[in-house]
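Chemist: Input query_32.txt, format and content: compact mmCIF, C-alpha atoms.
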```txt
# COMPACT_ATOMS: atom_id res chain seq x y z
CA MET A 186 3.74 35.17 12.69
CA GLU A 187 3.75 31.62 13.98
CA PHE A 188 6.39 30.31 16.36
CA ARG A 189 6.74 27.20 14.16
CA VAL A 190 7.65 29.36 11.16
CA LEU A 191 10.22 31.27 13.23
CA GLN A 192 11.87 27.92 13.96
CA TYR A 193 11.91 27.17 10.23
CA PHE A 194 13.49 30.57 9.60
CA LEU A 195 16.20 29.95 12.22
CA ALA A 196 17.00 26.55 10.73
CA VAL A 197 17.56 28.07 7.28
CA ALA A 198 19.65 30.90 8.77
CA ARG A 199 21.79 28.32 10.57
CA GLU A 200 22.16 25.84 7.67
CA GLU A 201 22.50 28.61 5.04
CA ASN A 202 20.61 26.53 2.48
CA ILE A 203 17.09 25.20 1.96
CA SER A 204 18.01 21.56 1.44
CA GLY A 205 20.01 21.26 4.68
CA ALA A 206 17.31 23.01 6.69
CA ALA A 207 14.54 20.92 5.12
CA GLU A 208 16.40 17.72 6.01
CA PHE A 209 16.91 18.91 9.59
CA LEU A 210 13.23 19.86 9.92
CA HIS A 211 11.95 16.73 8.13
CA LEU A 212 10.12 18.85 5.56
CA SER A 213 10.12 18.86 1.79
CA GLN A 214 12.07 21.67 0.14
CA PRO A 215 8.98 23.10 -1.65
CA THR A 216 7.04 23.19 1.65
CA LEU A 217 9.86 24.99 3.46
CA SER A 218 10.39 27.45 0.59
CA ARG A 219 6.67 28.28 0.57
CA GLN A 220 6.64 28.88 4.34
CA LEU A 221 9.60 31.27 4.05
CA LYS A 222 8.01 33.13 1.14
CA ASP A 223 4.79 33.50 3.15
CA LEU A 224 6.83 34.89 6.07
CA GLU A 225 8.48 37.48 3.81
CA ASP A 226 5.08 38.43 2.37
CA GLU A 227 3.63 38.75 5.89
CA LEU A 228 6.43 41.07 7.01
CA GLY A 229 6.68 42.92 3.72
CA LYS A 230 10.47 42.54 3.75
CA GLN A 231 13.03 40.39 1.96
CA LEU A 232 14.76 38.24 4.59
CA PHE A 233 17.11 36.18 2.41
CA ILE A 234 19.51 36.72 -0.46
CA ARG A 235 19.25 33.50 -2.40
CA GLY A 236 22.47 32.43 -4.12
CA ASN A 237 23.24 29.32 -6.17
CA ARG A 238 24.73 27.39 -3.27
CA LYS A 239 24.22 29.56 -0.21
CA ILE A 240 21.50 31.66 1.39
CA THR A 241 22.50 34.75 3.35
CA LEU A 242 20.42 37.09 5.49
CA THR A 243 19.48 40.61 4.56
CA GLU A 244 19.74 43.35 7.19
CA GLU A 245 16.07 42.75 8.06
CA GLY A 246 16.78 39.01 8.19
CA MET A 247 19.62 39.51 10.68
CA LEU A 248 17.33 41.59 12.90
CA LEU A 249 14.62 38.91 12.76
CA ARG A 250 17.19 36.21 13.56
CA LYS A 251 18.20 38.06 16.72
CA ARG A 252 14.59 38.49 17.85
CA ALA A 253 13.64 34.93 16.90
CA GLU A 254 16.51 33.54 18.97
CA GLU A 255 15.34 35.60 21.94
CA ILE A 256 11.74 34.40 21.49
CA THR A 257 12.88 30.78 21.24
CA GLU A 258 14.95 31.12 24.40
CA LEU A 259 12.02 32.67 26.28
CA VAL A 260 9.64 29.91 25.15
CA LYS A 261 12.13 27.24 26.24
CA LYS A 262 12.54 28.98 29.60
CA ALA A 263 8.77 29.17 30.09
CA GLU A 264 8.34 25.48 29.24
CA ASP A 265 11.06 24.47 31.71
CA GLU A 266 9.57 26.58 34.50
CA ILE A 267 5.99 25.40 34.01
CA SER A 268 6.86 21.72 33.60
CA ALA A 269 9.09 21.65 36.70
CA SER A 270 7.95 19.15 39.33
CA ASP A 271 6.07 20.46 42.35
CA ASP A 272 7.84 17.96 44.56
CA MET A 273 11.42 18.61 43.50
CA LEU A 274 13.35 21.85 43.08
CA ALA A 275 14.78 21.75 39.57
CA GLY A 276 15.42 24.24 36.80
CA ASN A 277 17.67 27.06 35.67
CA ILE A 278 18.94 30.29 37.18
CA THR A 279 20.54 32.73 34.76
CA ILE A 280 22.72 35.59 35.99
CA GLY A 281 24.32 38.31 33.90
CA ALA A 282 27.59 39.63 35.30
CA GLY A 283 30.55 41.74 34.33
CA GLU A 284 34.14 40.89 35.11
CA THR A 285 34.69 41.26 38.83
CA ASP A 286 35.98 39.21 41.73
CA GLY A 287 32.72 40.22 43.43
CA ASN A 288 30.98 37.48 41.42
CA ARG A 289 32.19 35.10 44.13
CA VAL A 290 29.39 36.40 46.37
CA PHE A 291 26.60 34.91 44.27
CA LEU A 292 28.72 31.94 43.12
CA LYS A 293 29.10 30.78 46.72
CA ILE A 294 25.33 30.97 47.11
CA ALA A 295 24.91 29.06 43.86
CA LYS A 296 27.24 26.34 45.09
CA SER A 297 25.36 25.86 48.37
CA LEU A 298 22.05 25.81 46.49
CA GLN A 299 23.28 23.14 44.07
CA GLN A 300 24.61 21.00 46.90
CA GLU A 301 21.11 20.86 48.39
CA TYR A 302 19.28 20.79 45.03
CA PRO A 303 21.51 19.12 42.41
CA LEU A 304 18.91 19.53 39.65
CA VAL A 305 19.23 23.33 39.80
CA HIS A 306 21.56 24.60 37.09
CA ILE A 307 23.39 27.96 37.16
CA HIS A 308 24.11 29.87 33.95
CA VAL A 309 26.36 32.93 34.00
CA VAL A 310 26.22 35.27 31.00
CA SER A 311 29.18 37.65 30.74
CA GLY A 312 28.66 41.24 29.64
CA ASP A 313 28.93 44.87 30.61
CA ARG A 314 26.19 47.04 32.15
CA VAL A 315 24.51 47.80 28.82
CA THR A 316 24.31 44.14 27.80
CA ILE A 317 23.10 43.00 31.21
CA THR A 318 20.32 45.58 31.57
CA GLU A 319 19.09 44.86 28.04
CA SER A 320 18.94 41.14 28.84
CA LEU A 321 17.08 41.86 32.10
CA ASP A 322 14.54 44.03 30.30
CA ARG A 323 13.90 41.29 27.71
CA GLY A 324 13.53 38.60 30.36
CA LEU A 325 16.52 36.63 29.09
CA ILE A 326 18.22 36.55 32.49
CA ASP A 327 16.88 36.43 36.05
CA PHE A 328 19.47 38.61 37.81
CA GLY A 329 22.22 41.01 36.87
CA LEU A 330 25.30 42.07 38.78
CA ILE A 331 26.02 45.66 37.82
CA PHE A 332 28.18 48.55 38.99
CA GLY A 333 27.07 52.00 40.07
CA ASN A 334 23.65 53.55 40.45
CA ILE A 335 20.45 51.52 39.99
CA ASP A 336 17.26 52.69 38.23
CA LEU A 337 14.90 52.00 41.13
CA THR A 338 11.84 52.63 38.96
CA LYS A 339 12.66 49.50 36.93
CA TYR A 340 14.65 47.22 39.23
CA ASP A 341 14.78 45.86 42.75
CA SER A 342 18.28 45.34 44.09
CA ILE A 343 20.54 44.11 46.87
CA PRO A 344 23.89 45.87 47.43
CA ILE A 345 26.83 43.49 47.44
CA PRO A 346 29.20 43.92 50.44
CA TYR A 347 32.25 44.07 48.21
CA LYS A 348 34.01 46.87 46.37
CA ASP A 349 36.39 46.60 43.46
CA ILE A 350 39.40 48.87 42.99
CA TRP A 351 40.01 50.80 39.76
CA GLY A 352 43.53 50.94 38.43
CA VAL A 353 45.76 50.62 35.40
CA LEU A 354 46.87 47.43 33.67
CA MET A 355 50.22 47.99 31.96
CA ARG A 356 53.33 46.25 30.76
CA ARG A 357 55.78 45.38 33.52
CA ASP A 358 58.64 47.02 31.59
CA ASP A 359 56.81 50.36 31.34
CA PRO A 360 58.32 53.29 33.32
CA LEU A 361 54.98 53.85 35.11
CA ALA A 362 55.23 50.31 36.51
CA GLN A 363 57.86 51.63 38.95
CA LYS A 364 55.16 53.62 40.74
CA LYS A 365 52.97 52.17 43.51
CA PHE A 366 49.98 54.30 42.50
CA ILE A 367 48.88 56.02 39.29
CA THR A 368 47.47 59.55 39.29
CA ALA A 369 45.35 61.31 36.69
CA GLY A 370 48.37 63.40 35.75
CA ASP A 371 50.30 60.24 34.87
CA LEU A 372 47.67 59.29 32.30
CA ILE A 373 46.59 62.57 30.69
CA ASP A 374 48.85 62.20 27.64
CA LYS A 375 48.99 58.39 27.56
CA PRO A 376 47.16 56.11 25.08
CA LEU A 377 44.28 54.67 27.09
CA ILE A 378 42.21 51.52 26.63
CA VAL A 379 38.87 51.75 28.46
CA SER A 380 35.65 49.80 28.93
CA ARG A 381 32.21 51.19 28.13
CA GLN A 382 31.17 51.10 31.79
CA ALA A 383 34.22 52.90 33.20
CA PHE A 384 32.86 56.40 32.64
CA GLU A 385 29.34 55.35 33.69
CA ASN A 386 30.69 54.65 37.17
CA ALA A 387 29.92 57.65 39.38
CA GLU A 388 33.05 57.17 41.50
CA PHE A 389 35.32 56.99 38.45
CA LYS A 390 33.71 59.75 36.40
CA HIS A 391 35.41 62.60 38.28
CA PHE A 392 38.88 61.06 38.54
CA PHE A 393 40.23 62.94 35.52
CA PRO A 394 40.32 66.77 35.65
CA CYS A 395 39.08 66.97 32.05
CA GLU A 396 36.27 65.69 29.86
CA GLN A 397 36.41 62.17 28.45
CA GLU A 398 36.72 63.57 24.92
CA GLN A 399 40.00 65.28 25.87
CA LEU A 400 41.67 62.01 26.87
CA ASN A 401 43.76 60.00 24.42
CA ILE A 402 41.47 56.95 24.24
CA VAL A 403 42.95 54.76 21.51
CA ALA A 404 40.87 51.61 22.05
CA THR A 405 37.95 50.16 23.99
CA TYR A 406 37.08 46.69 25.25
CA ASN A 407 33.95 44.89 26.32
CA LEU A 408 35.60 42.18 28.41
CA LEU A 409 39.12 42.62 29.76
CA PHE A 410 40.70 39.54 28.17
CA ASN A 411 41.01 41.41 24.88
CA GLY A 412 41.99 44.59 26.71
CA ALA A 413 44.88 42.71 28.32
CA LEU A 414 46.01 41.45 24.90
CA MET A 415 46.07 45.04 23.63
CA VAL A 416 48.17 46.09 26.62
CA ASP A 417 50.58 43.18 26.06
CA GLU A 418 50.97 44.26 22.41
CA GLY A 419 51.89 47.78 23.52
CA ILE A 420 48.75 49.54 22.25
CA GLY A 421 48.16 51.41 25.49
CA TYR A 422 47.24 51.38 29.17
CA ALA A 423 44.00 49.64 30.19
CA ILE A 424 41.81 51.26 32.82
CA SER A 425 40.33 48.27 34.63
CA LEU A 426 39.29 46.70 37.89
CA ASP A 427 41.72 44.73 40.04
CA LYS A 428 42.03 40.92 40.23
CA LEU A 429 40.75 40.23 36.70
CA VAL A 430 44.06 39.42 35.03
CA ASN A 431 46.79 37.22 36.49
CA VAL A 432 49.80 39.51 36.86
CA SER A 433 51.89 37.17 39.00
CA GLY A 434 54.82 34.97 38.08
CA ASN A 435 56.14 35.41 34.55
CA SER A 436 53.34 37.69 33.37
CA HIS A 437 54.45 40.64 31.21
CA LEU A 438 51.74 42.75 32.84
CA CYS A 439 51.20 44.46 36.17
CA PHE A 440 48.35 46.34 37.86
CA ARG A 441 48.69 49.64 39.73
CA PRO A 442 45.74 51.20 41.65
CA LEU A 443 44.61 54.76 41.07
CA GLU A 444 45.45 57.53 43.52
CA PRO A 445 43.27 58.92 45.01
CA LYS A 446 41.62 55.54 45.50
CA VAL A 447 38.61 54.87 43.27
CA GLU A 448 36.23 52.06 44.25
CA ALA A 449 33.37 50.45 42.35
CA SER A 450 30.24 49.49 44.26
CA MET A 451 27.95 46.79 42.87
CA SER A 452 24.48 45.34 43.32
CA ILE A 453 22.48 42.32 42.25
CA VAL A 454 19.34 43.57 40.46
CA TRP A 455 16.18 42.07 38.99
CA LYS A 456 13.10 43.44 37.27
CA LYS A 457 10.33 44.79 39.45
CA TYR A 458 7.15 42.68 39.64
CA GLN A 459 9.04 39.73 38.12
CA VAL A 460 7.36 36.32 38.37
CA PHE A 461 10.13 33.88 39.30
CA SER A 462 10.39 30.12 38.95
CA LYS A 463 10.83 28.11 42.15
CA PRO A 464 14.64 27.74 41.82
CA VAL A 465 15.00 31.48 41.24
CA GLN A 466 12.77 32.23 44.23
CA LYS A 467 14.93 29.96 46.39
CA PHE A 468 18.12 31.62 45.15
CA LEU A 469 16.71 35.07 45.92
CA GLN A 470 15.64 33.94 49.38
CA ILE A 471 19.16 32.71 50.22
CA LEU A 472 20.65 35.86 48.69
CA GLN A 473 18.50 38.10 50.88
CA GLU A 474 19.31 36.07 54.00
CA GLU A 475 23.07 35.93 53.49
CA VAL A 476 23.80 39.26 51.83
```
Spell out the structure here as structure tokens.
Modeler:
Amino acid sequence: MEFRVLQYFLAVAREENISGAAEFLHLSQPTLSRQLKDLEDELGKQLFIRGNRKITLTEEGMLLRKRAEEITELVKKAEDEISASDDMLAGNITIGAGETDGNRVFLKIAKSLQQEYPLVHIHVVSGDRVTITESLDRGLIDFGLIFGNIDLTKYDSIPIPYKDIWGVLMRRDDPLAQKKFITAGDLIDKPLIVSRQAFENAEFKHFFPCEQEQLNIVATYNLLFNGALMVDEGIGYAISLDKLVNVSGNSHLCFRPLEPKVEASMSIVWKKYQVFSKPVQKFLQILQEEV
């Protein structure tokens, strides 16, 4: 499977027709069609459903598109790193992070690095623990900021000197909003909205006196923006970290911490034996010195 043909495949998937993709690639339609047919024959799978006006991807085609996009991104990253000047620090640093005010720790380092080396660019990819570790394993990001325990057989890490507080995001007109703290008993029979990583957090896991399956979990969220919308619409109470949603002023929402207090520890992690570009090495050096 040639990288050039993967680029052809991605162009057709994006344009959703042969003629548009052929024009973009500066190829003739018969040449492009033949390349795609050869790719399907090589893989032994149908990748496209060919309609009169539009081409759509099969299930196998959607899987290949995902992998081809990852391969393309890795090739681009390798080209940028290798072609970077020896005399000037320039390039990209990609960090995967969940929603937390603790991101300010590495953002301050990023700012100081950019002030000294303006050709270094910082890219932050939002996601939860599952998304971030998958991206680390595939080499799509350089660092990840994650909560809880670290698999030390796969990753090196630096603990971040900051802890987030778990609590409940709710409507300001809810009766529970009159309380300063929220206990497990307050939530046992309530409709809960939770993130995937909440119950993976060791500190949070034992807050409730029952199993997760016994709770009334009515919805889940990946990033809290949508969780906050669900709370505002009255769907339930969101279990979340503090300082992620503006609850001041005229906001309909409020945040109440859990009692007993539940904190979330976090670390910046990277793959063991990783070969870093010069900008990433510099970032890690500053990180180790300051944190």
Chemist: Counting all atoms listed in the file, figure out which residue out of A:Gly246, A:Pro445, A:Gly312, A:Gly229 gets nearest to Phe366 (chain A).
Modeler: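 Ranking A:Gly246, A:Pro445, A:Gly312, A:Gly229 by distance to Phe366 (chain A), first place goes to A:Pro445.
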Chemist: Please provide as a list in words all residues within 12 Å of Glu474 (chain A), with the sequence filter that same-chain residues fewer than 5 positions apart are discarded (counting all atoms listed in the file).
Modeler: Ile294, Ile343, Lys467, Phe468 and Leu469 of chain A
Chemist: What would the file look like if the residues just selected were written as a compact mmCIF listing (two decimals), in the frame of the given file with C-alpha atoms?
Modeler:
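Contents of the output file again03.txt:
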```txt
# COMPACT_ATOMS: atom_id res chain seq x y z
CA ILE A 294 25.33 30.97 47.11
CA ILE A 343 20.54 44.11 46.87
CA LYS A 467 14.93 29.96 46.39
CA PHE A 468 18.12 31.62 45.15
CA LEU A 469 16.71 35.07 45.92
```
Chemist: Counting only C-alpha atoms, which residue out of A:Pro464, A:Leu249, A:Arg219, A:Asp417 sits closest to Leu232 (chain A)?
Modeler: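 Among the listed residues, A:Leu249 lies closest to Leu232 (chain A).
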Chemist: Could you give me, as a PyMOL selection string, the residues that sit within 9 Å of (18.5, 22.6, 41.5) in the file's coordinates, counting all atoms listed in the file?
Modeler: chain A and resi 273-278+298-307+464
Chemist: I'd like the interatomic distance between CA of Pro376 (chain A) and CA of Ile420 (chain A), to a tenth of an Å.
Modeler: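 Those two atoms sit 7.3 Å apart.
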Chemist: If I take CA of Ser452 (chain A) and CA of Ser342 (chain A), how far is one from the other in Å, to one decimal?
Modeler: 6.2 Å
Chemist: Edge lengths and centre, in Å to one decimal, as lines of an AutoDock Vina configuration file: that's what I need for the box along x, y and z that holds all listed atoms of region 220-229 of chain A plus 8 Å on each side.
Modeler:
```
center_x = 6.6
center_y = 35.9
center_z = 4.1
size_x = 22.0
size_y = 30.0
size_z = 21.9
```
Chemist: One decimal, Å: what's the distance from CA of Lys375 (chain A) over to CA of Asn411 (chain A), could you say?
Modeler: 19.0 Å
Chemist: Using all atoms listed in the file for the distances, tell me which of A:Lys456, A:His211, A:Arg189, A:Arg314 is nearest to Ala383 (chain A).
Modeler: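 Distance minimum relative to Ala383 (chain A) lands on A:Arg314.
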Chemist: Of the residues A:Glu227, A:Glu200, A:Glu398, A:Asp336, which is the one nearest to Val454 (chain A), using all atoms listed in the file?
Modeler: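 Closest to Val454 (chain A), using all atoms listed in the file: A:Asp336.
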Chemist: Mind checking which residues fall within 7 Å of Ala449 (chain A), counting all atoms listed in the file, ignoring those fewer than 3 positions away in the same chain, and posting them as number ranges by chain?
Modeler: A: 332-333, 348-350, 388
Chemist: Taking all atoms listed in the file into account, name the residue in A:Phe392, A:Phe328, A:Phe291, A:Phe194 that is nearest to Phe461 (chain A).
Modeler: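 Closest to Phe461 (chain A) of all the choices is A:Phe328.
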Chemist: Determine the nearest neighbour of Leu377 (chain A) from the options A:Ser297, A:Gln220, A:Gln397, A:Thr338, counting only C-alpha atoms.
Modeler: A:Gln397
Chemist: Which residues of region 237-345 of chain A sit at most 12 Å from region 424-437 of chain A, using all atoms listed in the file? Give each one's shortest atom pair and distance in Å (one decimal place), in chain and ascending residue order, as CSV.
Modeler:
```
residue,atom,partner,partner_atom,distance
A:Gly283,CA,A:Leu429,CA,10.6
A:Glu284,CA,A:Leu429,CA,6.8
A:Thr285,CA,A:Leu429,CA,6.5
A:Asp286,CA,A:Lys428,CA,6.5
A:Gly287,CA,A:Lys428,CA,9.9
A:Asn288,CA,A:Leu429,CA,11.2
A:Phe332,CA,A:Leu426,CA,11.3
```
Chemist: Store the residues of this selection in a file with C-alpha atoms, as a short mmCIF file (atom, residue, chain, number, x, y, z; two decimals), in the frame of the given file.
Modeler:
```
data_model
loop_
_atom_site.label_atom_id
_atom_site.label_comp_id
_atom_site.auth_asym_id
_atom_site.auth_seq_id
_atom_site.Cartn_x
_atom_site.Cartn_y
_atom_site.Cartn_z
CA GLY A 283 30.55 41.74 34.33
CA GLU A 284 34.14 40.89 35.11
CA THR A 285 34.69 41.26 38.83
CA ASP A 286 35.98 39.21 41.73
CA GLY A 287 32.72 40.22 43.43
CA ASN A 288 30.98 37.48 41.42
CA PHE A 332 28.18 48.55 38.99
#
```
Chemist: Counting only C-alpha atoms, find residues at most 12 Å from (51.5, 44.5, 23.5) (file frame) and give them as a tab-separated table (two decimals) with C-alpha atoms, in the frame of the given file.
Modeler:
```
chain	number	residue	atom	x	y	z
A	354	LEU	CA	46.87	47.43	33.67
A	355	MET	CA	50.22	47.99	31.96
A	356	ARG	CA	53.33	46.25	30.76
A	357	ARG	CA	55.78	45.38	33.52
A	358	ASP	CA	58.64	47.02	31.59
A	359	ASP	CA	56.81	50.36	31.34
A	411	ASN	CA	41.01	41.41	24.88
A	412	GLY	CA	41.99	44.59	26.71
A	413	ALA	CA	44.88	42.71	28.32
A	414	LEU	CA	46.01	41.45	24.90
A	415	MET	CA	46.07	45.04	23.63
A	416	VAL	CA	48.17	46.09	26.62
A	417	ASP	CA	50.58	43.18	26.06
A	418	GLU	CA	50.97	44.26	22.41
A	419	GLY	CA	51.89	47.78	23.52
A	420	ILE	CA	48.75	49.54	22.25
A	421	GLY	CA	48.16	51.41	25.49
A	422	TYR	CA	47.24	51.38	29.17
A	423	ALA	CA	44.00	49.64	30.19
A	437	HIS	CA	54.45	40.64	31.21
A	438	LEU	CA	51.74	42.75	32.84
```
